[in-house]
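A.B. asks: Next up, final-v8.cif (mmCIF, C-alpha atoms and all ligand atoms).
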data_model
#
loop_
_atom_site.group_PDB
_atom_site.id
_atom_site.type_symbol
_atom_site.label_atom_id
_atom_site.label_comp_id
_atom_site.auth_asym_id
_atom_site.auth_seq_id
_atom_site.Cartn_x
_atom_site.Cartn_y
_atom_site.Cartn_z
ATOM 1 C CA MET M 1294 -22.828 -3.297 -7.050
ATOM 2 C CA ASN M 1295 -19.203 -3.597 -6.015
ATOM 3 C CA PRO M 1296 -17.817 -0.064 -5.688
ATOM 4 C CA ALA M 1297 -14.247 -1.281 -5.834
ATOM 5 C CA GLU M 1298 -14.755 -2.816 -9.275
ATOM 6 C CA LEU M 1299 -16.796 0.149 -10.357
ATOM 7 C CA LEU M 1300 -14.050 2.565 -9.410
ATOM 8 C CA VAL M 1301 -11.477 0.562 -11.290
ATOM 9 C CA MET M 1302 -13.628 0.521 -14.391
ATOM 10 C CA LEU M 1303 -14.350 4.210 -14.152
ATOM 11 C CA THR M 1304 -10.779 5.272 -13.759
ATOM 12 C CA ALA M 1305 -8.746 2.659 -15.611
ATOM 13 C CA ARG M 1306 -5.940 4.396 -17.503
ATOM 14 C CA THR M 1307 -8.009 7.192 -19.037
ATOM 15 C CA ASN M 1308 -9.907 10.069 -17.543
ATOM 16 C CA LYS M 1309 -12.496 9.797 -20.250
ATOM 17 C CA PHE M 1310 -15.901 8.799 -19.012
ATOM 18 C CA GLU M 1311 -17.335 5.773 -20.737
ATOM 19 C CA ARG M 1312 -20.704 4.187 -20.338
ATOM 20 C CA MET M 1313 -20.652 1.202 -18.095
ATOM 21 C CA PRO M 1314 -21.579 -2.241 -19.363
ATOM 22 C CA THR M 1315 -25.205 -3.177 -18.956
ATOM 23 C CA GLY M 1316 -26.524 -3.549 -15.439
ATOM 24 C CA ILE M 1317 -24.375 -0.799 -13.986
ATOM 25 C CA PRO M 1318 -26.041 2.572 -13.536
ATOM 26 C CA ASP M 1319 -24.656 5.747 -15.059
ATOM 27 C CA ILE M 1320 -22.163 7.169 -12.644
ATOM 28 C CA THR M 1321 -19.861 9.871 -13.894
ATOM 29 C CA GLN M 1322 -16.325 10.643 -12.800
ATOM 30 C CA GLN M 1323 -17.780 13.722 -11.164
ATOM 31 C CA ASP M 1324 -20.324 11.694 -9.157
ATOM 32 C CA LEU M 1325 -17.474 9.521 -8.043
ATOM 33 C CA SER M 1326 -15.268 12.424 -6.991
ATOM 34 C CA ASN M 1327 -18.169 13.960 -5.109
ATOM 35 C CA ALA M 1328 -18.896 10.695 -3.354
ATOM 36 C CA LEU M 1329 -15.245 10.286 -2.347
ATOM 37 C CA ALA M 1330 -15.118 13.841 -1.034
ATOM 38 C CA LEU M 1331 -18.148 13.165 1.185
ATOM 39 C CA ILE M 1332 -16.630 10.222 3.001
ATOM 40 C CA ASN M 1333 -16.115 11.404 6.566
ATOM 41 C CA HIS M 1334 -13.315 9.003 7.414
ATOM 42 C CA ARG M 1335 -10.217 10.846 6.237
ATOM 43 C CA ILE M 1336 -7.833 7.902 5.836
ATOM 44 C CA ALA M 1337 -10.546 5.864 4.123
ATOM 45 C CA SER M 1338 -11.270 8.572 1.612
ATOM 46 C CA LEU M 1339 -7.565 9.111 0.858
ATOM 47 C CA LEU M 1340 -6.979 5.376 0.520
ATOM 48 C CA LEU M 1341 -9.847 4.967 -1.948
ATOM 49 C CA ARG M 1342 -8.695 7.959 -3.964
ATOM 50 C CA VAL M 1343 -5.192 6.515 -4.335
ATOM 51 C CA LYS M 1344 -5.997 2.826 -4.574
ATOM 52 C CA TYR M 1345 -9.047 2.834 -6.798
ATOM 53 C CA ALA M 1346 -9.164 6.220 -8.485
ATOM 54 C CA ASN M 1347 -5.390 6.531 -9.121
ATOM 55 C CA GLN M 1348 -5.387 10.005 -7.579
ATOM 56 C CA TYR M 1349 -1.727 9.853 -6.611
ATOM 57 C CA ASP M 1350 -1.654 13.519 -5.603
ATOM 58 C CA TYR M 1351 -3.193 12.291 -2.358
ATOM 59 C CA LEU M 1352 -0.509 9.712 -1.680
ATOM 60 C CA GLN M 1353 1.636 11.993 0.455
ATOM 61 C CA LYS M 1354 -1.267 12.950 2.714
ATOM 62 C CA LEU M 1355 -2.291 9.315 2.957
ATOM 63 C CA ASP M 1356 1.268 8.310 3.827
ATOM 64 C CA ILE M 1357 1.368 10.793 6.707
ATOM 65 C CA ARG M 1358 -2.093 9.860 8.010
ATOM 66 C CA VAL M 1359 -1.273 6.151 8.058
ATOM 67 C CA TRP M 1360 2.052 6.869 9.724
ATOM 68 C CA LEU M 1361 0.325 8.849 12.508
ATOM 69 C CA LYS M 1362 -2.202 6.051 12.850
ATOM 70 C CA VAL M 1363 0.578 3.493 13.317
ATOM 71 C CA VAL M 1364 2.326 5.727 15.857
ATOM 72 C CA SER M 1365 -0.897 6.033 17.864
ATOM 73 C CA MET M 1366 -1.398 2.254 17.633
ATOM 74 C CA SER M 1367 2.126 1.820 19.000
ATOM 75 C CA ILE M 1368 1.279 4.017 21.997
ATOM 76 C CA GLU M 1369 -2.083 2.333 22.635
ATOM 77 C CA ASN M 1370 -0.566 -1.131 22.483
ATOM 78 C CA GLY M 1371 2.756 -0.370 24.140
ATOM 79 C CA TRP M 1372 4.931 -1.569 21.256
ATOM 80 C CA GLN M 1373 8.633 -1.078 21.963
ATOM 81 C CA TYR M 1374 10.527 -0.174 18.825
ATOM 82 C CA PRO M 1375 14.043 -1.655 18.435
ATOM 83 C CA LYS M 1376 16.619 0.111 20.601
ATOM 84 C CA ASP M 1377 18.934 0.855 17.718
ATOM 85 C CA ARG M 1378 16.220 2.600 15.717
ATOM 86 C CA ILE M 1379 14.463 5.934 15.837
ATOM 87 C CA GLY M 1380 10.863 5.208 16.824
ATOM 88 C CA ARG M 1381 9.065 7.544 14.462
ATOM 89 C CA GLU M 1382 11.183 6.419 11.496
ATOM 90 C CA PHE M 1383 10.704 2.786 12.356
ATOM 91 C CA TYR M 1384 6.923 3.171 12.503
ATOM 92 C CA HIS M 1385 6.938 5.205 9.321
ATOM 93 C CA ASP M 1386 8.703 2.336 7.555
ATOM 94 C CA MET M 1387 6.183 -0.139 8.944
ATOM 95 C CA ALA M 1388 3.319 2.116 7.876
ATOM 96 C CA ARG M 1389 4.721 2.530 4.374
ATOM 97 C CA MET M 1390 5.261 -1.158 3.836
ATOM 98 C CA ALA M 1391 1.691 -1.907 4.960
ATOM 99 C CA LEU M 1392 0.357 0.912 2.798
ATOM 100 C CA ALA M 1393 2.250 -0.273 -0.279
ATOM 101 C CA GLU M 1394 0.899 -3.782 0.235
ATOM 102 C CA ALA M 1395 -2.607 -2.400 0.696
ATOM 103 C CA ILE M 1396 -2.537 -0.262 -2.446
ATOM 104 C CA TRP M 1397 -0.604 -2.611 -4.715
ATOM 105 C CA PRO M 1398 -1.276 -6.044 -3.206
ATOM 106 C CA HIS M 1399 0.481 -8.139 -5.814
ATOM 107 C CA THR M 1400 3.366 -5.872 -6.707
ATOM 108 C CA CYS M 1401 6.913 -6.836 -5.768
ATOM 109 C CA LEU M 1402 8.155 -4.443 -3.083
ATOM 110 C CA TRP M 1403 11.784 -4.896 -4.076
ATOM 111 C CA CYS M 1404 11.584 -3.695 -7.652
ATOM 112 C CA HIS M 1405 8.246 -1.843 -7.341
ATOM 113 C CA GLY M 1406 6.831 -4.040 -10.068
ATOM 114 C CA THR M 1407 9.472 -3.259 -12.683
ATOM 115 C CA GLY M 1408 11.121 -6.702 -12.515
ATOM 116 C CA HIS M 1409 14.637 -5.297 -12.303
ATOM 117 C CA ILE M 1410 16.879 -3.640 -9.750
ATOM 118 C CA VAL M 1411 19.680 -1.122 -10.169
ATOM 119 C CA ILE M 1412 22.758 -1.882 -8.081
ATOM 120 C CA HIS M 1413 23.600 1.131 -5.941
ATOM 121 C CA LYS M 1414 25.979 -0.429 -3.442
ATOM 122 C CA ARG M 1415 29.013 -2.554 -4.113
ATOM 123 C CA ARG M 1416 28.395 -6.066 -2.883
ATOM 124 C CA LEU M 1417 31.419 -8.055 -1.846
ATOM 125 C CA ARG M 1418 29.613 -11.226 -0.920
ATOM 126 C CA GLY M 1419 28.842 -13.912 -3.464
ATOM 127 C CA LYS M 1420 30.738 -15.191 -6.445
ATOM 128 C CA LYS M 1421 29.752 -12.617 -8.998
ATOM 129 C CA SER M 1422 30.715 -9.065 -8.198
ATOM 130 C CA LYS M 1423 28.354 -6.406 -9.451
ATOM 131 C CA ARG M 1424 29.149 -2.863 -10.352
ATOM 132 C CA ILE M 1425 27.245 0.208 -9.274
ATOM 133 C CA GLY M 1426 24.645 1.202 -11.811
ATOM 134 C CA GLN M 1427 24.343 -2.309 -13.210
ATOM 135 C CA VAL M 1428 20.749 -3.389 -13.847
ATOM 136 C CA ILE M 1429 19.943 -6.919 -12.773
ATOM 137 C CA MET M 1430 16.818 -9.044 -12.758
ATOM 138 C CA CYS M 1431 14.901 -8.824 -9.483
ATOM 139 C CA GLU M 1432 15.490 -12.110 -7.687
ATOM 140 C CA ALA M 1433 12.537 -11.696 -5.320
ATOM 141 C CA CYS M 1434 9.961 -11.913 -8.108
ATOM 142 C CA LYS M 1435 12.170 -13.568 -10.752
ATOM 143 C CA GLY M 1436 11.719 -10.545 -12.972
ATOM 144 C CA THR M 1437 7.935 -10.740 -13.083
ATOM 145 C CA GLY M 1438 7.312 -7.682 -10.912
ATOM 146 C CA ARG M 1439 4.467 -9.577 -9.263
ATOM 147 C CA LYS M 1440 4.805 -11.036 -5.827
ATOM 148 C CA ARG M 1441 3.290 -11.082 -2.392
ATOM 149 C CA PRO M 1442 6.113 -10.478 0.059
ATOM 150 C CA THR M 1443 7.139 -13.279 2.388
ATOM 151 C CA GLU M 1444 7.850 -12.708 6.070
ATOM 152 C CA ARG M 1445 11.549 -13.054 5.248
ATOM 153 C CA GLN M 1446 11.292 -10.243 2.727
ATOM 154 C CA ARG M 1447 9.308 -8.044 5.073
ATOM 155 C CA ALA M 1448 11.999 -8.569 7.710
ATOM 156 C CA ARG M 1449 14.692 -7.643 5.189
ATOM 157 C CA LEU M 1450 12.796 -4.560 4.055
ATOM 158 C CA MET M 1451 12.516 -3.478 7.678
ATOM 159 C CA ASN M 1452 16.149 -4.366 8.274
ATOM 160 C CA ILE M 1453 15.285 -6.667 11.174
ATOM 161 C CA PRO M 1454 16.677 -10.205 11.678
ATOM 162 C CA LEU M 1455 14.101 -12.776 10.569
ATOM 163 C CA THR M 1456 13.904 -14.437 13.996
ATOM 164 C CA THR M 1457 13.232 -11.084 15.676
ATOM 165 C CA TRP M 1458 10.704 -10.200 13.019
ATOM 166 C CA LEU M 1459 8.813 -13.473 13.466
ATOM 167 C CA ARG M 1460 8.946 -13.343 17.251
ATOM 168 C CA ARG M 1461 8.137 -9.689 17.770
ATOM 169 C CA TRP M 1462 6.990 -7.787 14.701
ATOM 170 C CA ALA M 1463 5.112 -10.077 12.320
ATOM 171 C CA SER M 1464 2.004 -10.005 14.542
ATOM 172 C CA VAL M 1465 2.281 -6.242 14.996
ATOM 173 C CA TYR M 1466 2.517 -5.847 11.245
ATOM 174 C CA ARG M 1467 -0.543 -8.054 10.810
ATOM 175 C CA ASP M 1468 -2.444 -5.768 13.202
ATOM 176 C CA ILE M 1469 -1.513 -2.789 11.031
ATOM 177 C CA GLN M 1470 -2.687 -4.632 7.927
ATOM 178 C CA ILE M 1471 -5.964 -5.567 9.624
ATOM 179 C CA GLU M 1472 -6.439 -1.908 10.556
ATOM 180 C CA LEU M 1473 -5.900 -0.832 6.938
ATOM 181 C CA ASP M 1474 -8.312 -3.519 5.729
ATOM 182 C CA LYS M 1475 -10.906 -2.168 8.161
ATOM 183 C CA VAL M 1476 -10.354 1.384 6.966
ATOM 184 C CA GLU M 1477 -10.777 0.281 3.359
ATOM 185 C CA ALA M 1478 -13.992 -1.594 4.196
ATOM 186 C CA ILE M 1479 -15.352 1.491 5.963
ATOM 187 C CA GLY M 1480 -14.530 3.603 2.908
ATOM 188 C CA LEU M 1481 -16.084 1.191 0.437
ATOM 189 C CA GLY M 1482 -19.219 0.901 2.588
ATOM 190 C CA ALA M 1483 -19.553 4.682 2.761
ATOM 191 C CA LEU M 1484 -18.921 5.005 -0.967
ATOM 192 C CA ARG M 1485 -21.564 2.405 -1.746
ATOM 193 C CA ARG M 1486 -24.104 4.376 0.280
ATOM 194 C CA ARG M 1487 -23.128 7.655 -1.371
ATOM 195 C CA LEU M 1488 -23.320 6.240 -4.882
ATOM 196 C CA ARG M 1489 -26.705 4.684 -4.174
ATOM 197 C CA GLY M 1490 -27.943 8.011 -2.912
ATOM 198 C CA SER M 1491 -26.737 9.949 -5.973
HETATM 199 ZN ZN ZN M 1501 10.737 -7.759 -8.008
#
Is it possible to express this structure as structure tokens?

C.D. replies:
Amino acid sequence: MNPAELLVMLTARTNKFERMPTGIPDITQQDLSNALALINHRIASLLLRVKYANQYDYLQKLDIRVWLKVVSMSIENGWQYPKDRIGREFYHDMARMALAEAIWPHTCLWCHGTGHIVIHKRRLRGKKSKRIGQVIMCEACKGTGRKRPTERQRARLMNIPLTTWLRRWASVYRDIQIELDKVEAIGLGALRRRLRGS
């Protein structure tokens, strides 16, 4: 049994419990909630709640936990945040970007999956001037809302020059992503054991 798929099927769109297709044992929404609550690893349990059970009430707590995790990683590994930035804000931005990619892996980070962007700052560069409030197609995903960010886009989201990003931060960011992957694997492993036991 793959708990990730199971969770998605259990929670997709509706709260209504439906019988699973053949071969999958009867597990109710309540069993699932109980199992999630029993996972000892706090970040893992929050991540599974948000990512697979759409329990977005937990997103704020998750956001803070991941942020603190990234800050402690920065201390352990002696990362030096850019001089012109405030350390805790910088690491919060890194944490949020990694978290967004972990929860919504194929969603465009520029338009949050909507496929369009609202202009909120007057842009003087380029041929066509755009007015504030104008809605334009998201160029990053060509209006599809689906995209894995490139390193260039990650650098832009973090407001860091691409060369600096590639030289200094891309590997750090990868370490954060690996950490989140590990946390998710721990959570799914624990959930699998809990569901088997129920
Ligand atoms: Zn987009």

A.B. asks: To one decimal place in Å, what is the distance between CA of Arg1441 in chain M and CA of Asp1356 in chain M?

C.D. replies: 20.5 Å

A.B. asks: Write as a ChimeraX atom specification the residues around ligand ZN 1501 (chain M), taking 10 Å as the cut-off and counting all atoms listed in the file.

C.D. replies: /M:1400-1410,1430-1442

A.B. asks: Report as a PyMOL selection string the residues that result from applying the PyMOL selection byres (((chain M and resi 1472-1475) around 12) and not hetatm) to the structure here.

C.D. replies: chain M and resi 1334+1336-1337+1339-1341+1355+1358-1360+1362-1363+1366+1388-1396+1398+1465-1471+1476-1482

A.B. asks: Check the smallest atom-to-atom distance from each of M:Asp1324, M:Ile1357, M:Tyr1374, M:Asn1347 to Ile1453 in chain M using only C-alpha atoms, then report the winner.

C.D. replies: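 So, comparing all the options, the nearest one is M:Tyr1374.
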
A.B. asks: Once the PyMOL selection byres (((chain M and resi 1452) around 12) and not hetatm) is applied to the coordinates I shared, what remains selected? I want it as a list of chain:residue names.

C.D. replies: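 Listing what the PyMOL selection byres (((chain M and resi 1452) around 12) and not hetatm) selects in the shown file: M:Pro1375, M:Asp1377, M:Arg1378, M:Phe1383, M:Asp1386, M:Met1387, M:Glu1444, M:Arg1445, M:Gln1446, M:Arg1447, M:Ala1448, M:Arg1449, M:Leu1450, M:Met1451, M:Ile1453, M:Pro1454, M:Leu1455, M:Thr1456, M:Thr1457, M:Trp1458, M:Trp1462.
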
A.B. asks: Between CA of Arg1486 in chain M and CA of Lys1354 in chain M, what is the distance, to one decimal in Å?

C.D. replies: 24.5 Å

A.B. asks: May I ask for the distance between CA of Arg1424 in chain M and CA of Ile1412 in chain M, given in Å to one decimal place?

C.D. replies: 6.9 Å
